[in-house]
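All remarks here apply to the structure that follows.
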Amino acid sequence: MGTVYFSKDHEWISVEGTAATVGITDYAQAQLGDIVFAEVPAAGTKVEKGKEAAVVESVKAASDVYAPVSGEVTEGNAALTDDPSLVNTAPEGDGWFFKLTLSDPSELDGLMDEAAYKAFVDSI
Amino acid sequence: MTDTATEDFVETVEALPLDAWHRAKGGRMVEFAGYHMPIQYEGIMAEHLWTREHAGLFDVSHMGQLVFTGEEVAEALEMLLPADIKGLGEGRQRYSLLLADNGGILDDLMVTRLPAASPFDAEGGYYMVVNGATKWDDIAHLREHLDDDITLSHLYEQALLALQGPEAVTALARLAPGVEALTFMTAGAFTIAGIDCWVSRSGYTGEDGFEISVPAEDAEKLADALCAESEVKPIGLGARDSLRLEAGLPLYGHDLDPETTPVAAALGFALSKRRREEGGFPGHDRIMLERENGPILKRVMLVVEGRQPVREGAAVLDGEGSEVGRVTSGGYSPSLGKAIAMAYVPAASAAPGASITLNQRGKIFTGIVTPMPLVPHRYHRKGA
């Protein structure tokens, strides 16, 4: 696993070179509750930092998942279509949403590391 | 919107008698109907399934509990409700609707004729439970339209708990022997854990169960006594909503509002035969015409294809893509593992099996009209 960064919208991004994997944090899945549906972007989709990239729905509400950085999607997690509850059980593992190639690695500078994210969550 | 724009209008969110109890039980609190209420404890899915298999305890103290007394109180209530109030025996409960002059629904409610023995000391009077979000408007409407010799008491010092599920009767009868003799839509006075309560066999989940009116100061003691039974767990508003949706039960402010009528809302059973024939309730002429000729739109249940929930506000489209109806409640059914919705659709498309096209934020879905309820009711009816 590469270097992990976190966004204020509660996404995590694990980066190795210009390849990265994106998901939502354990805090986010706990807030959403039981996930019953997830829609992930197809390979080739261009995503933009801070814009909607995926959809996640719990029993009670629909939420957008934002791209923490810009880039081109290389793979959406097909496993979430059959078993969206992976987002609850393994949010920072098998419950990842999509992989992408970064178009501007300098965007990572605006994200938090794990300690900063933990402090951010504690302040909510 | 800026902060200054909201500062002028600060709504107070109030605490209900069980507020601290919910927090101690790990309830995640949200604002609902002007109160802090638990949306969930361990999770909506688990709480939903627990209630369908065992027994769930719901705090519904936000709802309005009213008592009506006075000479000819039944006649007075019949001026505002389409139910046969005069024919209601002591300890009998009925579902009814508060109607506007044009037949639109102002609220849906339960009304019970009180016997001599009740904690409310109002023999011959009526006990009514109305929705929390509408109770202040209801009280204003009722006070305005009832004669001065009818007394309306708002029991704001009573909490209301619902115990719902197939094992509710087992758990409650252990604490209040004799309560098992109540049948669906009957009520009586019972002492539970030493507390004088008013108990009806009714609810909002489609399951057998009870609704228990208890003095606010004893609510924690009652909730603790009920949750000490192995069948019982506390359940939040989230599961209350998914349970009632599967059971096909409408939620006021979403599936019912002043624009909907009893016929369009598929609540014809709330129009008692004598009242249909005699009239004398608000909107009688319009409602009877609609009953004869059929409504333009009708409330139905849909099973939505695919896994994605289609929620309140999604449009019902006709063959040309024009909006002809609306989804009024929608979500995921934990019992069925499917997306389900309640919607108003053109009467011609309201028969079971009809395919309904839905548009949610530009994405098209197909819903199949399915008989209500989706999960069969398991009420404990007399003679059953």
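Residues in the structure tokens are numbered from 1 in each chain, the chains being A, B, ... in the order shown, and ligands are numbered from 1 in the order shown.
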
Pull out every residue of chain A that has at least one atom within 7 Å of chain B, counting only C-alpha atoms, and report them as an NGL selection string.
:A and (33-34 or 37 or 59-60)

Please dump the current selection as a CSV table (one decimal), in the first residue's frame; keep N, CA and C atoms.
chain,number,residue,atom,x,y,z
A,33,GLY,N,-24.4,4.5,7.5
A,33,GLY,CA,-25.1,3.4,7.9
A,33,GLY,C,-25.1,2.3,6.8
A,34,ASP,N,-26.1,1.4,6.8
A,34,ASP,CA,-26.1,0.2,6.0
A,34,ASP,C,-26.2,0.6,4.5
A,37,PHE,N,-26.5,0.3,-2.0
A,37,PHE,CA,-26.2,0.5,-3.5
A,37,PHE,C,-25.0,1.3,-3.6
A,59,VAL,N,-29.7,2.8,3.5
A,59,VAL,CA,-31.2,2.6,3.6
A,59,VAL,C,-31.9,4.0,3.6
A,60,LYS,N,-31.3,5.0,4.3
A,60,LYS,CA,-32.0,6.2,4.5
A,60,LYS,C,-31.7,7.3,3.5

From the DSSP assignment of the backbone, select every residue of segment 18-220 of chain B that is strand (DSSP E or B), and format the answer as JSON, numbers by chain.
{"B": [28, 29, 30, 31, 32, 35, 36, 37, 38, 39, 40, 55, 56, 57, 58, 59, 64, 65, 66, 67, 68, 69, 92, 93, 94, 95, 96, 97, 98, 99, 105, 106, 107, 108, 109, 110, 111, 112, 113, 126, 127, 128, 129, 130, 151, 152, 153, 154, 158, 159, 160, 161, 162, 163, 164, 186, 187, 188, 189, 190, 191, 192, 195, 196, 197, 198, 199, 200, 209, 210, 211, 212, 213, 214, 215]}

Just how far from atom CA of Ala159 of chain B is atom CA of Ile212 of chain B, in Å to one decimal?
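Taking atom CA of Ile212 of chain B as the start and atom CA of Ala159 of chain B as the end point, the length is 8.3 Å.
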
Please, which residues of chain A, numbered as in this document, come out alpha helix (DSSP H) from DSSP, as a list in words?
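Assigned to alpha helix (DSSP H), within chain A: Asp26, Tyr27, Ala28, Gln29, Ala30, Gln31, Leu32, Ala79, Leu80, Thr81, Asp82, Leu86, Val87, Asn88, Thr89, Glu114, Ala115, Ala116, Tyr117, Lys118, Ala119, Phe120, Val121 and Asp122 of chain A.
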
Residues at most 7 Å from Gln29 of chain A, counting only C-alpha atoms, excluding those fewer than 4 positions away in the same chain, as an MDAnalysis selection string?
chainID A and resid 24:25 33 87:88 91

Write out, as a PDB file, in the first residue's frame, the residues just selected, with all heavy atoms.
ATOM      1  N   ILE A  24     -14.146   5.493   0.568  1.00  0.00           N
ATOM      2  CA  ILE A  24     -14.608   6.385   1.637  1.00  0.00           C
ATOM      3  C   ILE A  24     -14.100   5.851   2.965  1.00  0.00           C
ATOM      4  O   ILE A  24     -13.831   4.651   3.107  1.00  0.00           O
ATOM      5  CB  ILE A  24     -16.149   6.555   1.642  1.00  0.00           C
ATOM      6  CG1 ILE A  24     -16.873   5.271   2.032  1.00  0.00           C
ATOM      7  CG2 ILE A  24     -16.630   7.067   0.273  1.00  0.00           C
ATOM      8  CD1 ILE A  24     -18.376   5.469   2.278  1.00  0.00           C
ATOM      9  N   THR A  25     -13.981   6.735   3.934  1.00  0.00           N
ATOM     10  CA  THR A  25     -13.346   6.354   5.201  1.00  0.00           C
ATOM     11  C   THR A  25     -14.311   5.566   6.086  1.00  0.00           C
ATOM     12  O   THR A  25     -15.526   5.539   5.864  1.00  0.00           O
ATOM     13  CB  THR A  25     -12.886   7.607   5.970  1.00  0.00           C
ATOM     14  OG1 THR A  25     -14.039   8.363   6.332  1.00  0.00           O
ATOM     15  CG2 THR A  25     -11.943   8.460   5.125  1.00  0.00           C
ATOM     16  N   GLY A  33     -24.375   4.521   7.462  1.00  0.00           N
ATOM     17  CA  GLY A  33     -25.141   3.351   7.877  1.00  0.00           C
ATOM     18  C   GLY A  33     -25.133   2.292   6.793  1.00  0.00           C
ATOM     19  O   GLY A  33     -24.259   2.289   5.915  1.00  0.00           O
ATOM     20  N   VAL A  87     -18.639  -1.823   1.517  1.00  0.00           N
ATOM     21  CA  VAL A  87     -18.271  -0.461   1.938  1.00  0.00           C
ATOM     22  C   VAL A  87     -18.376  -0.341   3.456  1.00  0.00           C
ATOM     23  O   VAL A  87     -17.605   0.365   4.083  1.00  0.00           O
ATOM     24  CB  VAL A  87     -19.162   0.589   1.230  1.00  0.00           C
ATOM     25  CG1 VAL A  87     -18.785   2.002   1.678  1.00  0.00           C
ATOM     26  CG2 VAL A  87     -19.066   0.464  -0.289  1.00  0.00           C
ATOM     27  N   ASN A  88     -19.333  -1.070   4.049  1.00  0.00           N
ATOM     28  CA  ASN A  88     -19.465  -1.059   5.509  1.00  0.00           C
ATOM     29  C   ASN A  88     -18.419  -1.937   6.184  1.00  0.00           C
ATOM     30  O   ASN A  88     -17.832  -1.553   7.190  1.00  0.00           O
ATOM     31  CB  ASN A  88     -20.845  -1.575   5.942  1.00  0.00           C
ATOM     32  CG  ASN A  88     -21.981  -0.631   5.575  1.00  0.00           C
ATOM     33  OD1 ASN A  88     -22.904  -1.020   4.891  1.00  0.00           O
ATOM     34  ND2 ASN A  88     -21.906   0.605   6.040  1.00  0.00           N
ATOM     35  N   PRO A  91     -14.278  -0.643   4.448  1.00  0.00           N
ATOM     36  CA  PRO A  91     -14.273   0.622   3.709  1.00  0.00           C
ATOM     37  C   PRO A  91     -12.897   0.996   3.174  1.00  0.00           C
ATOM     38  O   PRO A  91     -12.789   1.623   2.123  1.00  0.00           O
ATOM     39  CB  PRO A  91     -14.759   1.651   4.744  1.00  0.00           C
ATOM     40  CG  PRO A  91     -14.467   1.026   6.071  1.00  0.00           C
ATOM     41  CD  PRO A  91     -14.648  -0.456   5.858  1.00  0.00           C
TER      42      PRO A  91
END

Exercise: segment 113-129 of chain B partners within 6 Å, only C-alpha atoms, chain neighbours under 6 positions left out, as a VMD selection string
chain B and resid 64 to 69 90 to 92 189

Residue selection dump (all heavy atoms) as an mmCIF file, in the first residue's frame:
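File written: result-v1.cif
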data_model
loop_
_atom_site.group_PDB
_atom_site.id
_atom_site.type_symbol
_atom_site.label_atom_id
_atom_site.label_comp_id
_atom_site.auth_asym_id
_atom_site.auth_seq_id
_atom_site.Cartn_x
_atom_site.Cartn_y
_atom_site.Cartn_z
ATOM 1 N N GLY B 64 -48.921 13.570 19.096
ATOM 2 C CA GLY B 64 -49.840 14.299 19.960
ATOM 3 C C GLY B 64 -50.882 13.357 20.535
ATOM 4 O O GLY B 64 -51.517 12.601 19.800
ATOM 5 N N GLN B 65 -51.037 13.390 21.859
ATOM 6 C CA GLN B 65 -52.078 12.591 22.514
ATOM 7 C C GLN B 65 -53.137 13.557 23.048
ATOM 8 O O GLN B 65 -52.827 14.447 23.841
ATOM 9 C CB GLN B 65 -51.481 11.764 23.653
ATOM 10 C CG GLN B 65 -50.417 10.769 23.185
ATOM 11 C CD GLN B 65 -49.837 9.970 24.342
ATOM 12 O OE1 GLN B 65 -50.513 9.182 24.972
ATOM 13 N NE2 GLN B 65 -48.566 10.186 24.613
ATOM 14 N N LEU B 66 -54.351 13.363 22.590
ATOM 15 C CA LEU B 66 -55.442 14.282 22.911
ATOM 16 C C LEU B 66 -56.604 13.511 23.524
ATOM 17 O O LEU B 66 -56.832 12.344 23.187
ATOM 18 C CB LEU B 66 -55.945 14.996 21.643
ATOM 19 C CG LEU B 66 -54.891 15.567 20.684
ATOM 20 C CD1 LEU B 66 -55.562 16.142 19.436
ATOM 21 C CD2 LEU B 66 -54.052 16.634 21.358
ATOM 22 N N VAL B 67 -57.346 14.178 24.416
ATOM 23 C CA VAL B 67 -58.575 13.592 24.952
ATOM 24 C C VAL B 67 -59.707 14.597 24.763
ATOM 25 O O VAL B 67 -59.536 15.795 25.018
ATOM 26 C CB VAL B 67 -58.413 13.196 26.441
ATOM 27 C CG1 VAL B 67 -59.784 12.925 27.074
ATOM 28 C CG2 VAL B 67 -57.543 11.951 26.571
ATOM 29 N N PHE B 68 -60.836 14.100 24.277
ATOM 30 C CA PHE B 68 -62.017 14.924 24.031
ATOM 31 C C PHE B 68 -63.142 14.480 24.966
ATOM 32 O O PHE B 68 -63.445 13.288 25.037
ATOM 33 C CB PHE B 68 -62.495 14.756 22.584
ATOM 34 C CG PHE B 68 -61.457 15.135 21.565
ATOM 35 C CD1 PHE B 68 -60.478 14.238 21.182
ATOM 36 C CD2 PHE B 68 -61.451 16.403 20.994
ATOM 37 C CE1 PHE B 68 -59.512 14.585 20.244
ATOM 38 C CE2 PHE B 68 -60.493 16.767 20.057
ATOM 39 C CZ PHE B 68 -59.511 15.857 19.683
ATOM 40 N N THR B 69 -63.743 15.434 25.654
ATOM 41 C CA THR B 69 -64.888 15.110 26.507
ATOM 42 C C THR B 69 -65.963 16.183 26.324
ATOM 43 O O THR B 69 -65.688 17.263 25.781
ATOM 44 C CB THR B 69 -64.481 15.075 28.002
ATOM 45 O OG1 THR B 69 -63.819 16.298 28.321
ATOM 46 C CG2 THR B 69 -63.569 13.905 28.328
ATOM 47 N N GLU B 90 -66.693 1.051 23.713
ATOM 48 C CA GLU B 90 -65.646 1.398 24.684
ATOM 49 C C GLU B 90 -64.423 0.514 24.481
ATOM 50 O O GLU B 90 -64.542 -0.703 24.309
ATOM 51 C CB GLU B 90 -66.180 1.237 26.109
ATOM 52 C CG GLU B 90 -67.174 2.316 26.472
ATOM 53 C CD GLU B 90 -67.599 2.258 27.938
ATOM 54 O OE1 GLU B 90 -67.253 1.265 28.613
ATOM 55 O OE2 GLU B 90 -68.273 3.202 28.385
ATOM 56 N N GLY B 91 -63.254 1.134 24.480
ATOM 57 C CA GLY B 91 -62.019 0.385 24.286
ATOM 58 C C GLY B 91 -61.773 -0.028 22.840
ATOM 59 O O GLY B 91 -60.855 -0.796 22.571
ATOM 60 N N ARG B 92 -62.577 0.509 21.933
ATOM 61 C CA ARG B 92 -62.373 0.203 20.503
ATOM 62 C C ARG B 92 -61.662 1.365 19.834
ATOM 63 O O ARG B 92 -61.973 2.525 20.084
ATOM 64 C CB ARG B 92 -63.715 -0.010 19.800
ATOM 65 C CG ARG B 92 -64.525 -1.147 20.376
ATOM 66 C CD ARG B 92 -64.120 -2.434 19.739
ATOM 67 N NE ARG B 92 -64.627 -3.560 20.520
ATOM 68 C CZ ARG B 92 -64.583 -4.811 20.087
ATOM 69 N NH1 ARG B 92 -64.064 -5.091 18.920
ATOM 70 N NH2 ARG B 92 -65.042 -5.782 20.843
ATOM 71 N N ALA B 189 -56.765 -0.243 30.069
ATOM 72 C CA ALA B 189 -55.832 0.218 31.101
ATOM 73 C C ALA B 189 -55.093 -0.986 31.676
ATOM 74 O O ALA B 189 -55.714 -1.998 31.995
ATOM 75 C CB ALA B 189 -56.601 0.948 32.196
#

Report the distance between atom CA of Ala187 of chain B and atom CA of Val111 of chain B in Å, rounded to one decimal place.
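Interatomic distance here is 10.5 Å.
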
What lies within 8 Å of segment 134-144 of chain B using only C-alpha atoms, ignoring chain neighbours under 4 positions off, as a list in words?
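Listing them by chain and then by number gives Met63, Gly64, Leu106, Asp107, Val130 and Leu152 of chain B.
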
Please determine, counting only C-alpha atoms, which residue among A:Gly44, A:Gly110, A:Gly95, A:Gly17 has the shortest atom-to-atom distance to Asp82 of chain A.
A:Gly95

Can you tell me which residues surround Leu146 of chain B at a distance of at most 8 Å, considering only C-alpha atoms, apart from same-chain residues fewer than 4 positions away, and format the answer as number ranges by chain?
B: 76-77, 142, 150

Write the residues you've just listed into a file as an mmCIF file, in the first residue's frame, and include all heavy atoms for each of them.
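Wrote part_1.cif, looks like this:
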data_model
loop_
_atom_site.group_PDB
_atom_site.id
_atom_site.type_symbol
_atom_site.label_atom_id
_atom_site.label_comp_id
_atom_site.auth_asym_id
_atom_site.auth_seq_id
_atom_site.Cartn_x
_atom_site.Cartn_y
_atom_site.Cartn_z
ATOM 1 N N ALA B 76 -69.802 15.752 17.701
ATOM 2 C CA ALA B 76 -68.884 16.857 17.379
ATOM 3 C C ALA B 76 -67.694 16.348 16.567
ATOM 4 O O ALA B 76 -67.299 16.967 15.569
ATOM 5 C CB ALA B 76 -68.404 17.517 18.674
ATOM 6 N N LEU B 77 -67.130 15.199 16.954
ATOM 7 C CA LEU B 77 -65.984 14.653 16.210
ATOM 8 C C LEU B 77 -66.401 14.202 14.813
ATOM 9 O O LEU B 77 -65.619 14.303 13.861
ATOM 10 C CB LEU B 77 -65.343 13.492 16.989
ATOM 11 C CG LEU B 77 -64.568 13.890 18.251
ATOM 12 C CD1 LEU B 77 -64.139 12.656 19.029
ATOM 13 C CD2 LEU B 77 -63.350 14.746 17.897
ATOM 14 N N LEU B 142 -58.869 21.805 15.461
ATOM 15 C CA LEU B 142 -59.910 21.163 16.271
ATOM 16 C C LEU B 142 -60.563 22.180 17.213
ATOM 17 O O LEU B 142 -61.787 22.248 17.321
ATOM 18 C CB LEU B 142 -59.302 20.004 17.077
ATOM 19 C CG LEU B 142 -58.930 18.766 16.235
ATOM 20 C CD1 LEU B 142 -57.870 17.921 16.939
ATOM 21 C CD2 LEU B 142 -60.173 17.931 15.937
ATOM 22 N N ILE B 150 -67.176 21.264 24.104
ATOM 23 C CA ILE B 150 -66.293 20.098 24.017
ATOM 24 C C ILE B 150 -64.928 20.509 24.568
ATOM 25 O O ILE B 150 -64.373 21.536 24.171
ATOM 26 C CB ILE B 150 -66.122 19.635 22.547
ATOM 27 C CG1 ILE B 150 -67.472 19.339 21.885
ATOM 28 C CG2 ILE B 150 -65.173 18.439 22.468
ATOM 29 C CD1 ILE B 150 -68.261 18.222 22.506
#
